[in-house]
file start.txt (compact mmCIF, C-alpha atoms and all ligand atoms)
# COMPACT_ATOMS: atom_id res chain seq x y z
CA MET A 1 -64.10 34.09 41.18
CA ALA A 2 -65.94 31.04 42.62
CA GLY A 3 -66.26 28.33 39.95
CA LYS A 4 -64.25 30.36 37.47
CA ILE A 5 -61.38 28.79 35.61
CA THR A 6 -58.10 30.49 36.48
CA THR A 7 -54.54 29.66 35.52
CA ALA A 8 -54.16 28.02 38.96
CA VAL A 9 -57.27 25.86 38.33
CA LEU A 10 -55.78 24.70 35.01
CA GLN A 11 -52.56 23.71 36.74
CA GLU A 12 -54.53 21.81 39.41
CA MET A 13 -56.50 20.00 36.68
CA THR A 14 -53.24 18.88 35.08
CA ALA A 15 -51.79 17.79 38.42
CA ARG A 16 -54.78 15.50 39.00
CA GLY A 17 -54.85 14.25 35.40
CA GLU A 18 -58.04 16.03 34.28
CA LYS A 19 -57.87 17.07 30.62
CA ILE A 20 -58.39 20.69 29.58
CA ALA A 21 -60.85 21.50 26.76
CA MET A 22 -60.06 24.68 24.83
CA LEU A 23 -61.82 26.14 21.76
CA THR A 24 -61.54 29.35 19.81
CA ALA A 25 -64.38 31.90 19.67
CA TYR A 26 -64.65 35.34 18.12
CA ASP A 27 -68.21 36.53 18.83
CA TYR A 28 -70.65 36.92 21.74
CA LEU A 29 -73.29 34.25 21.05
CA THR A 30 -70.80 31.51 20.25
CA ALA A 31 -68.67 32.33 23.28
CA GLU A 32 -71.79 32.21 25.47
CA ILE A 33 -72.71 28.71 24.20
CA ILE A 34 -69.14 27.41 24.48
CA ASP A 35 -68.84 28.77 28.01
CA LYS A 36 -72.13 27.21 29.11
CA VAL A 37 -71.24 23.70 27.88
CA GLY A 38 -68.09 23.65 29.99
CA VAL A 39 -65.20 24.53 27.70
CA ASP A 40 -62.40 25.47 30.12
CA VAL A 41 -60.43 27.93 28.01
CA ILE A 42 -61.72 30.18 25.22
CA LEU A 43 -58.98 31.40 22.91
CA VAL A 44 -59.69 34.48 20.83
CA GLY A 45 -57.13 33.28 18.30
CA ASP A 46 -55.51 35.25 15.52
CA THR A 47 -57.08 32.57 13.28
CA LEU A 48 -59.74 35.29 13.29
CA ALA A 49 -57.77 36.54 10.26
CA MET A 50 -58.53 33.37 8.29
CA VAL A 51 -61.88 32.05 9.54
CA VAL A 52 -63.68 35.35 10.10
CA ALA A 53 -61.87 37.96 7.98
CA GLY A 54 -61.06 35.66 5.03
CA HIS A 55 -57.29 36.28 4.83
CA GLU A 56 -54.91 33.59 3.50
CA THR A 57 -52.79 33.64 6.68
CA THR A 58 -53.02 35.01 10.24
CA LEU A 59 -50.52 37.79 9.51
CA PRO A 60 -52.81 40.67 8.41
CA ILE A 61 -54.95 40.82 11.57
CA THR A 62 -54.20 43.86 13.77
CA LEU A 63 -54.06 44.32 17.52
CA GLU A 64 -57.11 46.61 17.21
CA ASN A 65 -59.07 43.79 15.47
CA MET A 66 -58.03 41.34 18.20
CA LEU A 67 -58.97 43.75 21.01
CA TYR A 68 -62.44 44.27 19.51
CA HIS A 69 -63.21 40.53 19.34
CA THR A 70 -61.58 39.66 22.67
CA GLU A 71 -63.69 42.22 24.54
CA ILE A 72 -66.85 40.77 22.97
CA VAL A 73 -65.91 37.19 23.94
CA ALA A 74 -64.82 38.18 27.45
CA ARG A 75 -68.19 39.92 28.01
CA ALA A 76 -70.05 36.72 27.05
CA THR A 77 -67.97 34.45 29.26
CA LYS A 78 -68.82 33.63 32.88
CA ARG A 79 -66.72 30.53 33.66
CA ALA A 80 -63.96 29.90 31.12
CA LEU A 81 -60.53 31.50 31.09
CA VAL A 82 -60.39 33.92 28.12
CA VAL A 83 -57.02 34.06 26.37
CA GLY A 84 -56.33 36.87 23.89
CA ASP A 85 -53.87 36.05 21.12
CA LEU A 86 -51.20 38.66 20.38
CA PRO A 87 -51.13 39.14 16.60
CA PHE A 88 -48.13 39.25 14.27
CA MET A 89 -45.80 42.22 14.92
CA SER A 90 -47.58 43.33 18.09
CA TYR A 91 -44.88 41.72 20.29
CA GLN A 92 -41.87 40.66 18.20
CA VAL A 93 -40.17 44.09 18.04
CA SER A 94 -39.12 44.33 21.71
CA PRO A 95 -40.15 43.19 25.20
CA GLU A 96 -41.46 46.75 25.77
CA GLN A 97 -43.67 46.62 22.68
CA ALA A 98 -44.92 43.19 23.81
CA LEU A 99 -45.71 44.48 27.31
CA VAL A 100 -47.74 47.39 25.91
CA SER A 101 -49.70 45.04 23.59
CA ALA A 102 -50.28 42.47 26.36
CA GLY A 103 -51.40 45.26 28.71
CA ARG A 104 -53.93 46.51 26.11
CA MET A 105 -55.19 42.94 25.66
CA MET A 106 -55.91 42.74 29.40
CA LYS A 107 -57.19 46.31 29.87
CA GLU A 108 -59.16 46.96 26.65
CA GLY A 109 -59.73 43.36 25.50
CA ARG A 110 -60.66 42.26 29.05
CA ALA A 111 -58.70 39.01 28.52
CA HIS A 112 -57.65 36.93 31.52
CA ALA A 113 -54.35 35.94 29.87
CA VAL A 114 -52.46 36.44 26.59
CA LYS A 115 -50.89 34.01 24.14
CA LEU A 116 -47.85 34.54 21.95
CA GLU A 117 -45.91 32.35 19.53
CA GLY A 118 -42.24 31.44 19.64
CA GLY A 119 -39.59 29.39 21.40
CA ARG A 120 -36.51 30.27 23.41
CA ARG A 121 -35.98 33.65 21.74
CA MET A 122 -39.22 34.84 23.43
CA VAL A 123 -37.88 34.26 26.98
CA PRO A 124 -36.96 37.93 27.73
CA THR A 125 -40.35 39.05 26.38
CA ILE A 126 -42.24 36.48 28.46
CA LYS A 127 -40.35 37.46 31.61
CA ARG A 128 -41.15 41.15 31.00
CA ILE A 129 -44.89 40.46 30.56
CA VAL A 130 -45.20 37.97 33.44
CA GLY A 131 -43.23 40.43 35.59
CA ALA A 132 -46.05 42.92 35.08
CA GLY A 133 -48.57 40.38 36.42
CA ILE A 134 -49.97 39.22 33.06
CA PRO A 135 -50.34 35.44 32.61
CA ILE A 136 -48.90 34.08 29.35
CA MET A 137 -49.67 30.98 27.34
CA GLY A 138 -46.80 29.99 25.03
CA HIS A 139 -47.19 28.42 21.57
CA ILE A 140 -44.48 26.29 19.92
CA GLY A 141 -44.15 23.70 17.16
CA LEU A 142 -45.96 24.98 14.09
CA THR A 143 -46.36 28.68 14.82
CA PRO A 144 -48.61 30.00 12.02
CA GLN A 145 -47.25 33.55 12.21
CA SER A 146 -43.98 32.07 10.82
CA VAL A 147 -45.70 30.30 7.92
CA PHE A 148 -43.52 32.06 5.32
CA LYS A 149 -40.35 31.01 7.17
CA PHE A 150 -41.56 27.39 7.38
CA GLY A 151 -42.72 27.41 3.73
CA GLY A 152 -46.20 26.14 4.63
CA TYR A 153 -48.19 24.64 7.49
CA LYS A 154 -45.74 21.74 7.89
CA LEU A 155 -45.22 19.23 10.69
CA GLN A 156 -42.49 20.49 13.06
CA GLY A 157 -40.12 18.45 15.24
CA GLY A 158 -39.84 15.59 12.76
CA THR A 159 -36.04 15.27 13.05
CA ALA A 160 -34.04 14.51 16.20
CA ASN A 161 -32.48 18.01 16.15
CA GLU A 162 -35.82 19.76 15.70
CA ALA A 163 -37.41 17.61 18.41
CA GLN A 164 -34.59 18.50 20.82
CA ARG A 165 -35.00 22.20 19.99
CA ILE A 166 -38.74 22.03 20.70
CA LEU A 167 -38.20 20.18 23.99
CA GLU A 168 -35.62 22.76 25.11
CA SER A 169 -37.89 25.64 24.07
CA ALA A 170 -40.75 24.13 26.08
CA LYS A 171 -38.59 23.94 29.22
CA ALA A 172 -37.30 27.49 28.67
CA LEU A 173 -40.84 28.82 28.30
CA GLU A 174 -41.96 27.06 31.47
CA ASN A 175 -38.98 28.50 33.35
CA ALA A 176 -39.70 31.97 31.96
CA GLY A 177 -43.15 31.83 33.58
CA CYS A 178 -45.70 30.58 31.00
CA PHE A 179 -48.73 29.03 32.73
CA ALA A 180 -49.50 26.71 29.79
CA LEU A 181 -48.13 25.83 26.37
CA VAL A 182 -49.83 25.18 23.03
CA LEU A 183 -48.07 22.45 21.02
CA GLU A 184 -49.11 22.65 17.37
CA LYS A 185 -48.59 20.00 14.68
CA ILE A 186 -45.73 17.98 16.16
CA PRO A 187 -45.38 14.18 16.36
CA GLN A 188 -47.40 12.63 19.21
CA GLY A 189 -44.30 11.00 20.73
CA LEU A 190 -42.58 14.38 21.01
CA ALA A 191 -45.72 15.94 22.53
CA ALA A 192 -45.73 13.13 25.11
CA ARG A 193 -42.06 13.82 25.97
CA VAL A 194 -42.73 17.56 26.32
CA SER A 195 -45.84 16.98 28.46
CA GLU A 196 -43.87 14.57 30.67
CA ALA A 197 -41.01 17.05 31.08
CA LEU A 198 -43.22 20.01 32.11
CA THR A 199 -45.40 20.65 35.13
CA ILE A 200 -47.50 23.32 33.35
CA PRO A 201 -50.33 22.08 31.09
CA THR A 202 -49.64 21.37 27.42
CA ILE A 203 -52.55 22.01 25.07
CA GLY A 204 -52.27 20.12 21.79
CA ILE A 205 -53.53 20.84 18.30
CA GLY A 206 -52.30 18.20 15.90
CA ALA A 207 -50.03 16.91 18.68
CA GLY A 208 -51.76 13.64 19.60
CA PRO A 209 -53.58 12.44 22.72
CA HIS A 210 -50.80 12.72 25.32
CA CYS A 211 -51.11 16.47 25.92
CA ASP A 212 -52.83 17.77 29.05
CA GLY A 213 -55.55 19.40 26.96
CA GLN A 214 -56.72 19.94 23.40
CA VAL A 215 -57.66 22.96 21.32
CA LEU A 216 -59.50 23.21 18.01
CA VAL A 217 -60.44 26.15 15.83
CA LEU A 218 -64.23 26.59 16.03
CA HIS A 219 -64.83 26.92 12.27
CA ASP A 220 -62.79 23.76 11.61
CA MET A 221 -64.68 21.58 14.09
CA LEU A 222 -68.01 22.92 12.81
CA GLY A 223 -67.10 22.18 9.18
CA ILE A 224 -67.48 25.82 8.09
CA PHE A 225 -63.86 26.48 7.08
CA GLU A 226 -63.58 24.60 3.81
CA LYS A 227 -60.36 25.96 2.24
CA PHE A 228 -58.27 23.10 3.63
CA HIS A 229 -58.83 20.26 6.09
CA PRO A 230 -55.91 19.39 8.37
CA LYS A 231 -55.78 15.69 9.36
CA PHE A 232 -55.85 16.66 13.05
CA VAL A 233 -59.31 18.25 12.88
CA LYS A 234 -62.33 16.23 13.95
CA VAL A 235 -65.52 17.69 12.45
CA TYR A 236 -68.16 17.49 15.21
CA ALA A 237 -70.96 19.05 13.13
CA ASN A 238 -70.72 19.56 9.38
CA LEU A 239 -72.45 22.93 9.26
CA GLY A 240 -71.04 24.04 5.86
CA PRO A 241 -73.49 21.93 3.79
CA LEU A 242 -76.33 22.63 6.28
CA MET A 243 -75.79 26.39 5.92
CA ARG A 244 -75.66 26.17 2.12
CA ASP A 245 -78.91 24.20 2.13
CA ALA A 246 -80.67 26.70 4.43
CA PHE A 247 -79.53 29.73 2.39
CA SER A 248 -80.51 28.07 -0.91
CA ARG A 249 -83.99 27.18 0.38
CA TYR A 250 -84.43 30.77 1.60
CA VAL A 251 -83.48 32.15 -1.83
CA ALA A 252 -85.89 29.72 -3.53
CA ASP A 253 -88.73 30.60 -1.10
CA VAL A 254 -88.28 34.34 -1.68
CA LYS A 255 -88.07 33.94 -5.46
CA GLN A 256 -91.21 31.75 -5.49
CA GLY A 257 -93.12 34.05 -3.12
CA VAL A 258 -93.71 31.32 -0.51
CA PHE A 259 -91.85 33.22 2.18
CA PRO A 260 -93.17 35.05 4.14
CA ALA A 261 -96.20 32.79 4.72
CA PRO A 262 -99.32 33.95 6.63
CA GLU A 263 -97.77 32.88 9.96
CA HIS A 264 -94.84 35.25 9.36
CA SER A 265 -97.09 38.22 8.48
CA TYR A 266 -99.10 40.77 10.53
CA ASP A 267 -102.81 41.60 9.96
O1 LIG B 1 -55.08 31.44 16.62
C1 LIG B 1 -55.47 30.31 16.95
O2 LIG B 1 -56.63 29.93 16.78
C2 LIG B 1 -54.48 29.42 17.56
C3 LIG B 1 -54.86 27.97 17.70
C4 LIG B 1 -54.57 27.28 16.42
C5 LIG B 1 -54.16 27.35 18.84
O3 LIG B 1 -53.42 29.83 17.89

call {"tool": "encode", "arguments": {"input": "start.txt", "output": "structure tokens", "more": "lines below"}}
Ligand code: KIV
result
Amino acid sequence: MAGKITTAVLQEMTARGEKIAMLTAYDYLTAEIIDKVGVDVILVGDTLAMVVAGHETTLPITLENMLYHTEIVARATKRALVVGDLPFMSYQVSPEQALVSAGRMMKEGRAHAVKLEGGRRMVPTIKRIVGAGIPIMGHIGLTPQSVFKFGGYKLQGGTANEAQRILESAKALENAGCFALVLEKIPQGLAARVSEALTIPTIGIGAGPHCDGQVLVLHDMLGIFEKFHPKFVKVYANLGPLMRDAFSRYVADVKQGVFPAPEHSYD
């Protein structure tokens, strides 16, 4: 375990004010690169449904799909903590169902921790899973599995009542045993209040700079996911146009007979 990021290491980082860098990954080679550059937490997110499988929302992805990708990412990872996301309807039915799904994520997916969405109503489920020795990351604010309830990917916590509800949920999730909490698409002032109120790390996405860490979806920060562009995404490399250019030049080369050239051919 020497040098490996554990849930305890993340909590120590937060205690000494060191920010946590988290990214999503879904395949071996990308996870290997991300791990080597020092990303602390790799989330095999259910955004897999949208950025890899091409669905409109995260809802259609199955536990089997998530287990397949999580095992691949875990095998590529030497240092980072690998968190497997529990997909829609793999944990909402009962704490027992959630425990079975979380157990499969650890045993078959080889994850080091699991993540699930939801506020105070998830407390009994979280206690059941943590009680079995499985670390849980919570996720509140905009929880994409509830997109149809919210009526879109809208900012959450914008009113005083909503903000209070999110703050109380955050405290309840910490007390239930979460080791960290994702805060998605909430006002930065509220994220600061939540981060101040908790001792566990908060990991923001669209929640401003005052969280203890940040997470982005890989395909967003690489400019490959082009269906919509949330304001909170920073594009670190715009690979969409680069990929289109490479594929178009390949097609042109093949059509014109200039690829393969002599250096690509065997005598
Ligand atoms: O599934 C995912 O990628 C996530 C991030 C948006 C935090 O939950």

call {"tool": "atom_distance", "arguments": {"input": "start.txt", "atom1": "atom CA of A:His264", "atom2": "atom CA of A:Tyr28"}}
result
27.2 Å

call {"tool": "residues_around", "arguments": {"input": "start.txt", "residues": "A:Leu29", "least_positions_apart": "3", "cutoff": "10 Å", "atoms": "only C-alpha atoms", "output": "PDB file with C-alpha atoms, in the frame of the given file"}}
result
ATOM      1  CA  ALA A  25     -64.380  31.900  19.670  1.00  0.00           C
ATOM      2  CA  TYR A  26     -64.650  35.340  18.120  1.00  0.00           C
ATOM      3  CA  GLU A  32     -71.790  32.210  25.470  1.00  0.00           C
ATOM      4  CA  ILE A  33     -72.710  28.710  24.200  1.00  0.00           C
ATOM      5  CA  ILE A  34     -69.140  27.410  24.480  1.00  0.00           C
ATOM      6  CA  ASP A  35     -68.840  28.770  28.010  1.00  0.00           C
ATOM      7  CA  ILE A  72     -66.850  40.770  22.970  1.00  0.00           C
ATOM      8  CA  VAL A  73     -65.910  37.190  23.940  1.00  0.00           C
ATOM      9  CA  ALA A  76     -70.050  36.720  27.050  1.00  0.00           C
ATOM     10  CA  THR A  77     -67.970  34.450  29.260  1.00  0.00           C
TER      11      THR A  77
END

call {"tool": "residues_around", "arguments": {"input": "start.txt", "residues": "A:Gly133", "least_positions_apart": "6", "cutoff": "12 Å", "atoms": "all atoms listed in the file", "output": "list of chain:residue names"}}
result
A:Leu99, A:Ala102, A:Gly103, A:Met106, A:His112, A:Ala113, A:Val114, A:Ile126, A:Lys127, A:Gly177, A:Cys178, A:Phe179

call {"tool": "closest_residue", "arguments": {"input": "start.txt", "among": "A:Ala163, A:Val217, A:Ile134, A:Met105", "to": "ligand LIG 1 (chain B)", "atoms": "all atoms listed in the file"}}
result
A:Val217

call {"tool": "residues_near_ligand", "arguments": {"input": "start.txt", "ligand": "ligand LIG 1 (chain B)", "cutoff": "6 Å", "atoms": "only C-alpha atoms and all ligand atoms", "output": "count of residues only"}}
result
5

call {"tool": "residues_around", "arguments": {"input": "start.txt", "residues": "stretch 222-239 of chain A", "least_positions_apart": "3", "cutoff": "7 Å", "atoms": "only C-alpha atoms", "output": "number ranges by chain"}}
result
A: 51, 206, 218-219, 242-243

call {"tool": "write_last_selection", "arguments": {"input": "start.txt", "atoms": "C-alpha atoms", "output": "compact mmCIF listing (two decimals), in the frame of the given file"}}
result
# COMPACT_ATOMS: atom_id res chain seq x y z
CA VAL A 51 -61.88 32.05 9.54
CA GLY A 206 -52.30 18.20 15.90
CA LEU A 218 -64.23 26.59 16.03
CA HIS A 219 -64.83 26.92 12.27
CA LEU A 242 -76.33 22.63 6.28
CA MET A 243 -75.79 26.39 5.92

call {"tool": "decode", "arguments": {"input": "start.txt", "residues": "stretch 141-159 of chain A", "atoms": "N, CA, C and O atoms", "output": "compact mmCIF listing (two decimals), in the first residue's frame"}}
result
# COMPACT_ATOMS: atom_id res chain seq x y z
N GLY A 141 -26.33 17.65 -4.52
CA GLY A 141 -26.46 18.79 -5.43
C GLY A 141 -27.19 18.30 -6.66
O GLY A 141 -28.24 17.65 -6.55
N LEU A 142 -26.63 18.55 -7.84
CA LEU A 142 -27.21 17.99 -9.06
C LEU A 142 -26.80 16.52 -9.14
O LEU A 142 -25.62 16.21 -9.33
N THR A 143 -27.76 15.64 -8.96
CA THR A 143 -27.48 14.21 -9.05
C THR A 143 -28.08 13.73 -10.38
O THR A 143 -29.31 13.63 -10.51
N PRO A 144 -27.23 13.45 -11.38
CA PRO A 144 -27.75 13.23 -12.74
C PRO A 144 -28.72 12.06 -12.88
O PRO A 144 -29.52 12.04 -13.82
N GLN A 145 -28.68 11.09 -11.94
CA GLN A 145 -29.65 10.00 -12.04
C GLN A 145 -31.08 10.48 -11.78
O GLN A 145 -32.04 9.78 -12.06
N SER A 146 -31.21 11.70 -11.22
CA SER A 146 -32.56 12.27 -10.97
C SER A 146 -32.90 13.34 -11.99
O SER A 146 -33.72 14.22 -11.71
N VAL A 147 -32.27 13.29 -13.15
CA VAL A 147 -32.45 14.37 -14.15
C VAL A 147 -33.92 14.57 -14.53
O VAL A 147 -34.36 15.70 -14.74
N PHE A 148 -34.70 13.48 -14.57
CA PHE A 148 -36.10 13.63 -14.96
C PHE A 148 -36.92 14.28 -13.84
O PHE A 148 -37.89 14.98 -14.10
N LYS A 149 -36.51 14.06 -12.59
CA LYS A 149 -37.18 14.72 -11.46
C LYS A 149 -36.84 16.21 -11.47
O LYS A 149 -37.71 17.07 -11.27
N PHE A 150 -35.57 16.54 -11.75
CA PHE A 150 -35.14 17.95 -11.75
C PHE A 150 -35.65 18.70 -12.99
O PHE A 150 -35.67 19.93 -13.01
N GLY A 151 -35.97 17.95 -14.06
CA GLY A 151 -36.39 18.60 -15.31
C GLY A 151 -35.21 19.18 -16.08
O GLY A 151 -35.35 20.19 -16.78
N GLY A 152 -34.04 18.58 -15.93
CA GLY A 152 -32.85 19.04 -16.67
C GLY A 152 -31.65 19.10 -15.74
O GLY A 152 -31.77 18.89 -14.53
N TYR A 153 -30.49 19.43 -16.33
CA TYR A 153 -29.25 19.49 -15.55
C TYR A 153 -29.11 20.90 -14.96
O TYR A 153 -28.27 21.69 -15.37
N LYS A 154 -30.01 21.20 -13.99
CA LYS A 154 -30.12 22.58 -13.47
C LYS A 154 -29.27 22.77 -12.22
O LYS A 154 -29.07 21.83 -11.45
N LEU A 155 -28.88 24.04 -12.01
CA LEU A 155 -28.20 24.41 -10.76
C LEU A 155 -29.10 24.04 -9.57
O LEU A 155 -30.30 24.29 -9.60
N GLN A 156 -28.51 23.45 -8.53
CA GLN A 156 -29.25 23.09 -7.32
C GLN A 156 -28.78 23.99 -6.17
O GLN A 156 -27.66 24.49 -6.19
N GLY A 157 -29.64 24.15 -5.17
CA GLY A 157 -29.25 24.92 -3.98
C GLY A 157 -29.28 26.42 -4.20
O GLY A 157 -28.61 27.17 -3.49
N GLY A 158 -30.08 26.86 -5.15
CA GLY A 158 -30.13 28.29 -5.49
C GLY A 158 -31.04 29.10 -4.57
O GLY A 158 -30.93 30.32 -4.51
N THR A 159 -31.94 28.43 -3.84
CA THR A 159 -32.79 29.15 -2.88
C THR A 159 -32.30 28.83 -1.46
O THR A 159 -31.59 27.84 -1.26
